[in-house]
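**Q** Let me begin by handing over the structure; questions about it come next.
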Amino acid sequence: MATPSSPDNLDEKSTLQCESDIKFSVRRRTTANTLKTAASDSFSKTYVSEIDSLVKESSTDSGTVTTSDEEVNRIGKDDDGRKDEANSSSNGEDRRHGPNVVVKFAYRASTPAHHRVKESPLSSDAIFKQSHAGLFNLCIVVLVAVNSRLIIENLMKYGLLMRSGFWFSSKSLSDWPLLMCCLTLPIFALAAFVVEKLAEHRFISELVVVLLHVLTTTASIIYPIYVILRCDSAVQSGITLMFFASIVWLKLVSYAHTNHDIRALTRPDAKGDVSLNFSNVDCSYNVSFKSLAYFMVAPTLCYQPSYPRTTCIRKGWVIRQLVKLVIFTGVMGFIIEQYINPIIQNSQHPLKGNLLYAIERVLKLSVPTLYVWLCMFYCFFHLWLNILAELLCFGDREFYKDWWNAKTIEEYWRMWNMPVHKWMVRHVYFPCIRHGLPRGVSIVIAFFISAVFHELLIGVPCRMLKFWAFIGIMFQVPLVIITNYLQKKFRNTMVGNMIFWFFFSILGQPMCVLLYYHDLMNRKMTTQ
């Protein structure tokens, strides 16, 4: 439509016609914009980030056009046809020569598609900088599919091998001496409380206090060992009793050591470390039976007079965790009965048979033992300890860290079992450092104590000390040195993490299971 050069040349008819055409044009343009917005809403959302990046890349690479977020917003307003004049007047440029030209240019075939050097997402330098959530989901789907097939194949071949007396059998019911021993373990905690009360009122000297605590803690671990060796009990019952006895021993050592340190800090003639700032330490020496009783059932191994507490108990949350605990316990039982037992029963001693056959058995056993170990970790460290903490309103629930990302063996042992790690650091490692021992020697002492208790947990219930568990834990020391060296040499790599998974889960655990099983079977055959 032709437009006159001056408003004076317009007559009334042409003016009305012009206004009508303008209104029609505005309505048509508004309708077109509405339809375009409705039809291309998903298209705009999809390409808006690409256009944004393309405009910025064009401005960076060519240096001819510069846009900002305000200019991009202004472009959107220009497309609506409502603020053309305001934008052109404020910026002093025509829309045809502004940033809108770059946006329109982005849709053309002559637009450059390559602007800078980029790496592939799976390249060695960028692989750990990318998100791999989709690949993780794929692994989960494949894992579920493969294991479902294996479960169906196993059930079709062997049938259901789960026995009704897997966890509790007639032999387990006859293990009442072990049950009574477990129920009488709190007597040693009561004895430690009496010793501390006598020390609080200064009825006995510090040397006598130390000797009495040594006798109490030693008896708390010797007594269960004696009961297990005297009674013909099931292996599961013996492991359970030794597990509780070890916890009691660790707690009593922490109770005695902490109170000894508090007495040293509160003495009038205290020197040295007492001059430091202990604003975050509760140094009030007040022997309370209530605090000891709470400590003995709390999900921690480190004693202190008071703990961070929560305000309430979430009953619904506790019920959900209990349901998960029952489900995953059943999963562990199914894997043990359906997979692990047939594999180890059809195997030979890994150190006495064919090497290739032994490797095949170990690799075949590695997957189910890894599943059982992961389920055990989830059931105990996540479900059970959190349930106990919720019922006791225990606030500090850092029972583990992201140990699955550990790049060295040392990182793994510092993150996977936080209650034991805090106990080792507090009552073994730092006391050794304060007494002038080197850091390496202190670490070896900590691993030695851990190795001794691992051997007691397995060797005593099996009534044989083959030291396989002891050797397995002490073997972690050279692995710590190797993985620390590799981490320093190859920074930002997961070589140590792969070594951990291989030696601990793929090789270590299946090998220990086979060794202890065949040694146990050989011991039973020789005694019969």
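The way I read the labels, and the way they are meant: chains A, B, ... in the order of the structure tokens, residue 1 as the first residue of every chain, and ligand 1 as the first ligand shown, with later ones counted on from there.
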Residues near Phe295 (chain A), anyone? I mean within 12 Å using only C-alpha atoms, not counting same-chain ones fewer than 3 positions away, as a ChimeraX atom specification.

**A** /A:186,189,193,247-248,250-252,254-255,288-292,298-307,389,392,394

**Q** Keeping only N, CA and C atoms, write those residues as a short mmCIF file (atom, residue, chain, number, x, y, z; two decimals), in the first residue's frame.

**A**
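Saved to part_7.cif:
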```cif
data_model
loop_
_atom_site.label_atom_id
_atom_site.label_comp_id
_atom_site.auth_asym_id
_atom_site.auth_seq_id
_atom_site.Cartn_x
_atom_site.Cartn_y
_atom_site.Cartn_z
N PRO A 186 27.30 -56.41 79.00
CA PRO A 186 27.23 -55.11 79.69
C PRO A 186 27.84 -55.10 81.10
N ALA A 189 30.97 -53.12 81.04
CA ALA A 189 30.73 -51.68 81.03
C ALA A 189 30.42 -51.18 82.44
N PHE A 193 32.49 -48.44 84.74
CA PHE A 193 31.84 -47.31 85.43
C PHE A 193 32.25 -47.25 86.89
N ILE A 247 32.79 -54.71 69.53
CA ILE A 247 32.22 -53.37 69.73
C ILE A 247 32.34 -52.95 71.19
N VAL A 248 32.05 -53.87 72.10
CA VAL A 248 32.16 -53.56 73.54
C VAL A 248 33.60 -53.22 73.89
N LEU A 250 35.99 -51.96 71.93
CA LEU A 250 36.33 -50.65 71.38
C LEU A 250 35.69 -49.53 72.20
N LYS A 251 34.44 -49.72 72.61
CA LYS A 251 33.77 -48.69 73.40
C LYS A 251 34.41 -48.54 74.78
N LEU A 252 34.77 -49.63 75.41
CA LEU A 252 35.39 -49.53 76.74
C LEU A 252 36.76 -48.87 76.68
N SER A 254 37.65 -46.61 74.49
CA SER A 254 37.38 -45.18 74.30
C SER A 254 36.91 -44.53 75.60
N TYR A 255 36.07 -45.23 76.34
CA TYR A 255 35.56 -44.70 77.62
C TYR A 255 36.70 -44.46 78.61
N SER A 288 28.91 -40.19 84.87
CA SER A 288 27.46 -40.39 84.91
C SER A 288 27.11 -41.73 84.30
N PHE A 289 26.30 -42.48 85.02
CA PHE A 289 25.86 -43.77 84.50
C PHE A 289 24.95 -43.59 83.29
N LYS A 290 24.18 -42.51 83.27
CA LYS A 290 23.28 -42.25 82.14
C LYS A 290 24.07 -42.01 80.86
N SER A 291 25.15 -41.23 80.96
CA SER A 291 25.96 -40.97 79.76
C SER A 291 26.65 -42.24 79.28
N LEU A 292 27.09 -43.11 80.19
CA LEU A 292 27.72 -44.38 79.78
C LEU A 292 26.70 -45.30 79.13
N ALA A 298 24.64 -46.20 71.62
CA ALA A 298 24.67 -45.22 70.54
C ALA A 298 25.50 -45.74 69.36
N PRO A 299 25.19 -45.29 68.16
CA PRO A 299 25.93 -45.74 66.97
C PRO A 299 27.27 -45.02 66.82
N THR A 300 28.13 -45.12 67.81
CA THR A 300 29.46 -44.53 67.78
C THR A 300 30.38 -45.35 68.65
N LEU A 301 31.67 -45.24 68.38
CA LEU A 301 32.68 -45.93 69.17
C LEU A 301 33.52 -44.97 69.99
N CYS A 302 33.30 -43.68 69.85
CA CYS A 302 34.07 -42.65 70.55
C CYS A 302 33.23 -42.03 71.66
N TYR A 303 33.72 -42.16 72.88
CA TYR A 303 32.96 -41.65 74.02
C TYR A 303 33.18 -40.15 74.19
N GLN A 304 32.11 -39.46 74.57
CA GLN A 304 32.18 -38.08 75.01
C GLN A 304 30.98 -37.84 75.92
N PRO A 305 31.11 -36.90 76.86
CA PRO A 305 30.02 -36.70 77.83
C PRO A 305 28.69 -36.34 77.19
N SER A 306 28.68 -35.64 76.07
CA SER A 306 27.44 -35.26 75.41
C SER A 306 27.62 -35.33 73.90
N TYR A 307 26.50 -35.54 73.20
CA TYR A 307 26.52 -35.68 71.75
C TYR A 307 25.49 -34.72 71.14
N ALA A 389 20.26 -44.43 65.29
CA ALA A 389 20.46 -43.01 65.57
C ALA A 389 19.13 -42.27 65.68
N LEU A 392 17.50 -43.04 69.03
CA LEU A 392 18.23 -42.43 70.15
C LEU A 392 18.42 -40.93 69.97
N PHE A 394 20.30 -39.44 67.97
CA PHE A 394 21.72 -39.19 67.80
C PHE A 394 21.92 -38.34 66.56
#
```

**Q** Take CA of Ser246 (chain A) and CA of Ile187 (chain A) and report the distance between them in Å, one decimal.

**A**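 Going from CA of Ser246 (chain A) over to CA of Ile187 (chain A), I get 14.6 Å.
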
**Q** What's around Pro510 (chain A) at 7 Å? Count only C-alpha atoms, leave out sequence neighbours fewer than 2 positions away in its own chain, and write the answer as a PyMOL selection string.

**A** chain A and resi 362+365-366+369+506-508+512-514

**Q** If you count only C-alpha atoms, which residues fall within 8 Å of region 198-202 of chain A, apart from same-chain ones fewer than 5 positions away, as a PyMOL selection string?

**A** chain A and resi 209+285-287

**Q** Out of A:Trp176, A:Phe381, A:Phe502, A:Phe453, which residue has the shortest atom-to-atom distance to Ala469 (chain A) when counting only C-alpha atoms?

**A**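 Ranking A:Trp176, A:Phe381, A:Phe502, A:Phe453 by distance to Ala469 (chain A), first place goes to A:Phe453.
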
**Q** In terms of the shortest atom-to-atom distance over only C-alpha atoms, which of A:Gln236, A:Ile336, A:Leu388, A:His349 is closest to Val297 (chain A)?

**A** A:Leu388

**Q** Using only C-alpha atoms, determine which residues lie at most 7 Å from Leu178 (chain A), disregarding the query and same-chain residues fewer than 5 positions distant; provide the list as a PDB file with N, CA and C atoms, in the first residue's frame.

**A**
```pdb
ATOM      1  N   VAL A 227      33.970 -68.867  75.463  1.00  0.00           N
ATOM      2  CA  VAL A 227      32.648 -69.481  75.310  1.00  0.00           C
ATOM      3  C   VAL A 227      32.498 -70.109  73.930  1.00  0.00           C
ATOM      4  N   ILE A 228      32.960 -69.434  72.899  1.00  0.00           N
ATOM      5  CA  ILE A 228      32.821 -69.960  71.540  1.00  0.00           C
ATOM      6  C   ILE A 228      33.641 -71.230  71.362  1.00  0.00           C
ATOM      7  N   LEU A 241      28.503 -63.108  68.005  1.00  0.00           N
ATOM      8  CA  LEU A 241      29.000 -62.838  69.356  1.00  0.00           C
ATOM      9  C   LEU A 241      30.326 -62.100  69.323  1.00  0.00           C
TER      10      LEU A 241
END
```

**Q** As a ChimeraX atom specification, please: every residue in region 156-382 of chain A that DSSP puts in alpha helix (DSSP H).

**A** /A:156-158,170-173,176-183,186-200,206-230,235-266,289-297,315-335,341-345,355-377

**Q** What gap, in Å, lies between CA of Tyr223 (chain A) and CA of Leu457 (chain A)?

**A** 14.0 Å

**Q** Considering only C-alpha atoms, return as a ChimeraX atom specification whatever protein or nucleic-acid residues lie within 10 Å of Gln345 (chain A), sequence-local ones (same chain, fewer than 6 positions apart) excluded.

**A** /A:514,517-518,521

**Q** Find the spatial neighbours of Val495 (chain A), counting only C-alpha atoms, within a cut-off of 12 Å - ignore same-chain residues fewer than 6 positions away - and output them as a list of chain:residue names.

**A**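 That gives A:Asn405, A:Ala406, A:Lys407, A:Thr408, A:Ile409, A:Ile482, A:Thr483, A:Asn484, A:Tyr485, A:Leu486, A:Gln487, A:Lys488, A:Lys489, A:Trp501, A:Phe502.
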
**Q** By how many Å are CA of Asn497 (chain A) and CA of Leu325 (chain A) apart?

**A** 28.3 Å
